[in-house]
Amino acid sequence: MALASLLAVAAIVVVAVVGTTSGSGSSSAKHGSSASATNKPASTKSSPQSSQAATAAVPILIYHVINVAPASTSLSPSLYVPADEFTSQMDALKSGGWHAVTLDQLEAHWTHGTSLGSGKPIVISFDGGYASQYTTALPVLKRLGWVGVLNLELDGLSPSDGGLNEDQVHALVSAGWELDTQGIGATDLTTLSPAEARSEVAEARQTLRSRYGVPGNWFSYPLGHYDPTVIAAVQAAGFVGATTVLSGWASPGQDRFRLPRLQVLGGTSSSQLLSQVDSAKSSAPPPASYTGSSTT
């Protein structure tokens, strides 16, 4: 019996030792697996981003007042596009696969290859600074998920022409619109001396940036007039580029300070607009100077 008892105790000890060893091994395996996962080098693969410039040409539209022309106005009646026409045009562009982008986005695309999203990009710009750009154009573009580019005349427009107030301009910026400038007033810069032109344009950019807290990278020539002296003044003020009132599509191979735009006039149907946009693609680049007649 004593021998049997000793054998029983020995068996118990063996079982305990084997169990402990097995458990320890299992635990080590688990910890080893965890350590292996922890120490595994993190993937260095990043989301693909293009570092190459893009070459896409993009149309830029110009609008002024989104309203019916009043009986008396200092502005050409042709620059009044009624709200229903504007809405129909934007819907037609959307249906045609277009989507609105800003000039800053376009520059990033051209310079760094930054994506402009799927579909066909187009810039919807508004000159002057009319209240209808806030009251009428903003809701239409917002419904489509689009933003516009406002080229603001910093002296403000006369009440009779329905100018934007500062609160409305701030609201457009808050809504994601790009804010650029058409200068301090409607001064034809080609009539000024080089020093006067430089001063006028530099003041416009400084005022735009300080008053509204925006980059203010783009200039729109007042009356659409420009020449090498005016272009030099715009460059000296630190603008990235400038837009004209001459028809065509903007492309990265063009002079950034002579980008073409397509004016949209009152009475233009949706189908006519789509046709005009398509036809403008084959237009010649803007010339070195333009001081001819303009409806702006």
# chains A, B, ... in the order shown; residues from 1 in each chain; ligands from 1
$ residues_around --residues "Glu200 (chain A)" --least-positions-apart "4" --cutoff "8 Å" --atoms "only C-alpha atoms" --output "JSON, numbers by chain"
{"A": [183, 184, 196, 204]}
$ select_by_dssp --residues "region 67-293 of chain A" --states "helix (DSSP H, G or I)" --output "JSON, numbers by chain"
{"A": [77, 78, 79, 83, 84, 85, 86, 87, 88, 89, 90, 91, 92, 93, 94, 95, 103, 104, 105, 106, 107, 108, 109, 110, 111, 112, 131, 132, 133, 134, 135, 136, 137, 138, 139, 140, 141, 142, 143, 144, 159, 160, 161, 166, 167, 168, 169, 170, 171, 172, 173, 174, 189, 190, 191, 194, 195, 196, 197, 198, 199, 200, 201, 202, 203, 204, 205, 206, 207, 208, 209, 210, 211, 212, 222, 223, 224, 228, 229, 230, 231, 232, 233, 234, 235, 236, 256, 257, 258, 270, 271, 272, 273, 274, 275, 276, 277, 278, 279, 280]}
$ write_last_selection --atoms "C-alpha atoms" --output "compact mmCIF listing (two decimals), in the first residue's frame"
# COMPACT_ATOMS: atom_id res chain seq x y z
CA PRO A 77 -29.21 95.02 -70.80
CA SER A 78 -27.52 92.03 -72.44
CA LEU A 79 -25.61 91.37 -69.21
CA ALA A 83 -33.15 83.69 -62.93
CA ASP A 84 -35.08 81.03 -64.87
CA GLU A 85 -32.55 81.13 -67.71
CA PHE A 86 -29.64 80.82 -65.29
CA THR A 87 -31.27 77.91 -63.47
CA SER A 88 -31.98 76.12 -66.74
CA GLN A 89 -28.40 76.66 -67.92
CA MET A 90 -26.89 75.27 -64.72
CA ASP A 91 -29.18 72.23 -64.82
CA ALA A 92 -28.21 71.63 -68.45
CA LEU A 93 -24.53 71.79 -67.58
CA LYS A 94 -25.08 69.31 -64.76
CA SER A 95 -26.98 66.95 -67.06
CA LEU A 103 -9.64 79.06 -60.38
CA ASP A 104 -7.49 78.09 -57.40
CA GLN A 105 -8.53 74.46 -57.88
CA LEU A 106 -7.77 74.74 -61.57
CA GLU A 107 -4.31 76.14 -60.87
CA ALA A 108 -3.59 73.31 -58.40
CA HIS A 109 -4.67 70.84 -61.07
CA TRP A 110 -2.45 72.38 -63.70
CA THR A 111 0.55 72.81 -61.43
CA HIS A 112 0.44 69.72 -59.21
CA ALA A 131 -26.69 91.33 -55.11
CA SER A 132 -28.41 88.83 -57.40
CA GLN A 133 -25.21 86.80 -57.38
CA TYR A 134 -25.97 86.18 -53.70
CA THR A 135 -29.78 86.11 -53.70
CA THR A 136 -30.27 84.10 -56.91
CA ALA A 137 -27.06 82.44 -58.15
CA LEU A 138 -25.92 81.15 -54.75
CA PRO A 139 -29.05 79.02 -54.07
CA VAL A 140 -28.97 77.54 -57.58
CA LEU A 141 -25.30 76.54 -57.36
CA LYS A 142 -25.69 75.34 -53.78
CA ARG A 143 -28.50 72.98 -54.85
CA LEU A 144 -26.09 71.43 -57.36
CA PRO A 159 -27.51 100.92 -55.34
CA SER A 160 -29.35 101.47 -58.62
CA ASP A 161 -27.32 98.62 -60.10
CA GLU A 166 -20.18 93.33 -47.35
CA ASP A 167 -22.30 90.88 -45.35
CA GLN A 168 -23.39 89.21 -48.58
CA VAL A 169 -19.80 89.00 -49.81
CA HIS A 170 -18.75 87.38 -46.51
CA ALA A 171 -21.68 84.96 -46.85
CA LEU A 172 -20.53 83.92 -50.32
CA VAL A 173 -17.01 83.28 -48.99
CA SER A 174 -18.48 81.25 -46.12
CA LEU A 189 -6.11 100.42 -66.41
CA THR A 190 -4.74 100.79 -69.93
CA THR A 191 -5.31 104.56 -69.65
CA PRO A 194 2.75 102.32 -65.37
CA ALA A 195 3.18 103.69 -61.82
CA GLU A 196 -0.54 104.45 -61.49
CA ALA A 197 -1.48 101.01 -62.77
CA ARG A 198 0.88 99.30 -60.31
CA SER A 199 -0.49 101.33 -57.41
CA GLU A 200 -4.13 100.70 -58.36
CA VAL A 201 -3.70 96.95 -58.76
CA ALA A 202 -1.55 96.54 -55.63
CA GLU A 203 -4.13 98.43 -53.57
CA ALA A 204 -6.89 96.22 -54.94
CA ARG A 205 -5.18 93.02 -53.82
CA GLN A 206 -4.22 94.39 -50.41
CA THR A 207 -7.77 95.63 -49.81
CA LEU A 208 -9.32 92.34 -50.90
CA ARG A 209 -7.06 90.28 -48.63
CA SER A 210 -7.36 92.50 -45.55
CA ARG A 211 -11.10 93.15 -45.83
CA TYR A 212 -12.22 89.58 -46.49
CA PRO A 222 -11.84 96.06 -65.65
CA LEU A 223 -13.80 96.51 -68.88
CA GLY A 224 -11.78 93.56 -70.13
CA PRO A 228 1.69 94.49 -71.34
CA THR A 229 1.92 97.37 -68.85
CA VAL A 230 -1.26 96.30 -67.08
CA ILE A 231 -0.20 92.66 -67.09
CA ALA A 232 3.12 93.66 -65.50
CA ALA A 233 1.23 95.55 -62.77
CA VAL A 234 -0.93 92.51 -62.02
CA GLN A 235 2.14 90.28 -61.83
CA ALA A 236 3.94 92.76 -59.56
CA ARG A 256 -1.85 82.71 -66.95
CA PHE A 257 -2.43 86.46 -67.17
CA ARG A 258 -4.49 86.22 -70.36
CA SER A 270 -29.55 76.03 -72.36
CA SER A 271 -28.87 74.30 -75.66
CA GLN A 272 -27.27 77.45 -77.06
CA LEU A 273 -25.00 77.70 -74.04
CA LEU A 274 -23.83 74.11 -74.40
CA SER A 275 -23.14 74.75 -78.09
CA GLN A 276 -21.26 77.98 -77.33
CA VAL A 277 -19.11 76.25 -74.72
CA ASP A 278 -18.22 73.53 -77.22
CA SER A 279 -17.47 76.01 -80.02
CA ALA A 280 -15.28 78.20 -77.79
$ closest_residue --among "A:Gln263, A:Ser125, A:Ser282, A:Ser72" --to "Ser220 (chain A)" --atoms "only C-alpha atoms"
A:Ser125
$ closest_residue --among "A:Trp177, A:Gly241, A:Gly253, A:Leu164" --to "Ile124 (chain A)" --atoms "only C-alpha atoms"
A:Trp177
$ atom_distance --atom1 "CA of Trp249 (chain A)" --atom2 "CA of Ala100 (chain A)"
14.3 Å
$ select_by_dssp --residues "region 128-179 of chain A" --states "strand (DSSP E or B)" --output "PyMOL selection string"
chain A and resi 128+130+149-153+163+178-179
